[in-house]
Amino acid sequence: MSLNPATLQLLSAYVDGELSAAERTSVERALAADPRMQEIERSMRALGSAVRALSEAECARADFSGLADRVLGRVSRRPGLLDRLRETWRQPWLPIGGLVAVAAAAFFVFRPVTPVPGAPGVVVQSASADAPAQLQPVVLKTESGDAIIWLVEHPDASGVHRPTPLSPDKPGVQAPVPAQQRPRAGEL
Amino acid sequence: MTALASVVSLGAAVVLAAAPVKIDVQVVHASNAAPHVDPGLEKMRQGFEKAGLRFTSYRRLSQETVSLSPGKPAEVALPGKTATLTLQPGEHPRPHVAVSVPPLHTTVGLGTDASAFVQAGAHENGQLVLVLTAKK
């Protein structure tokens with residue numbers, strides 16, 4: 001009843017229909033001449049039929065309804081770039097962060113129109129008085145950069161109140177500048 | 001919704017950007033009464049003396065911090081009168097403040113670590129002085 005492994009392999013391939021025409025003819029010739037091979041061939045076919053029957057029964061019991069939807073659901077679970085961007089924008093932190101960025105940009109665009117004290121010292125831009133002509137404002141500057149605006153009676157006709165006036169960055173007297181001679185953007 | 005929030009935040013930024021300038025305003029009575037200098041006024045006394053304005057008494061009558069916005073006048077009360085301070089609009093290295101304490105009118109650029117002393121008229125055998133200092 002036993003066959004060598006090479007013959008069994010060839011017979012199995014024959015049963016499964018995997019042989020070439022020449023090999024098939026050779027096997028059929030051997031089958032016709034050997035009853036043991038015929039018996040083994042029948043056993044192989046019976047076993048194959050039994051396996052197929054069992055598989056079909058299992059398949060009949062299996063539930064394939066909705067399989068396509070489930071597969072497609074898994075395939076399309078990762079959203080596209082646009083959807084992901086849209087989803088990210090829905091996160092609360094991004095709009096808030098965006099608004100903070102917009103506010104920061106606006107702050108720099110609309111930088112303070114009101115100047116922040118940055119330069120040292122006090123500079124007098126103008127000084128005038130609703131007073132008799134002999135009473136005129138003078139500006140006295142101190143060593144520490146302060147400015148004293150004081151009304152003086154009978155200032156010198158020259159407008160200089162010290163014999164040797166000092167430059168504006170040094171302490172001393174700074175004569176008031178008439179409005180028409182005052183530079184617009186500059187300082188005294 | 002997002003556009004509305006953007007407009008709101010933009011407006012808030014503009015408001016913040018136009019934050020007021022804070023000025024320390026003191027009213028000092030300088031006279032030749034019994035020698036006395038209130039704490040914090042010694043530097044003023046020395047500056048006045050070097051400028052040729054000699055007083056023996058410096059007394060602080062009031063002190064307040066005034067917030068100035070461009071073009072909006074703020075009033076400071078002095079004995080018997082009122083001073084008006086107005087922040088001038090425009091970009092300057094120092095905030096320009098127009099000071100009106102009749103009969104004197106002046107505009108000063110207030111820098112850091114320095115003060116403007118504005119004569120504010122006679123008072124009780126002495127002189128009132130408006131001391132303006134920009135706060136950092």
# chains A, B, ... in the order shown; residues from 1 in each chain; ligands from 1
>>> residues_around(residues="Leu41 in chain B", least_positions_apart="5", cutoff="9 Å", atoms="only C-alpha atoms", output="JSON list (two decimals) with N, CA and C atoms, in the first residue's frame")
[["chain", "number", "residue", "atom", "x", "y", "z"],
["B", 28, "VAL", "N", 3.61, 122.24, 45.44],
["B", 28, "VAL", "CA", 4.55, 122.57, 46.52],
["B", 28, "VAL", "C", 4.45, 124.07, 46.82],
["B", 46, "GLN", "N", 17.64, 122.16, 46.17],
["B", 46, "GLN", "CA", 19.00, 122.37, 45.65],
["B", 46, "GLN", "C", 18.96, 122.93, 44.22],
["B", 58, "TYR", "N", 9.99, 124.48, 51.86],
["B", 58, "TYR", "CA", 9.35, 123.74, 50.75],
["B", 58, "TYR", "C", 8.36, 122.74, 51.36],
["B", 59, "ARG", "N", 7.09, 123.02, 51.19],
["B", 59, "ARG", "CA", 6.06, 122.15, 51.78],
["B", 59, "ARG", "C", 5.17, 121.59, 50.67],
["B", 60, "ARG", "N", 4.98, 120.29, 50.72],
["B", 60, "ARG", "CA", 4.13, 119.63, 49.71],
["B", 60, "ARG", "C", 2.67, 119.75, 50.15]]
>>> residues_around(residues="Ala77 in chain B", least_positions_apart="6", cutoff="9 Å", atoms="only C-alpha atoms", output="PyMOL selection string")
chain B and resi 27+62+83-84
>>> residues_around(residues="Thr86 in chain B", least_positions_apart="6", cutoff="6 Å", atoms="only C-alpha atoms", output="PyMOL selection string")
chain B and resi 71-73+97-98
>>> closest_residue(among="B:Gly40, B:Pro35, B:Gly90, B:Gly80", to="chain A", atoms="only C-alpha atoms")
B:Gly90
>>> closest_residue(among="A:Ala32, A:Ala6, A:Val122, A:Ala133", to="chain B", atoms="only C-alpha atoms")
A:Val122
>>> closest_residue(among="A:Glu153, A:Ser49, A:Gln125, A:Leu140", to="Gln88 in chain B", atoms="only C-alpha atoms")
A:Gln125
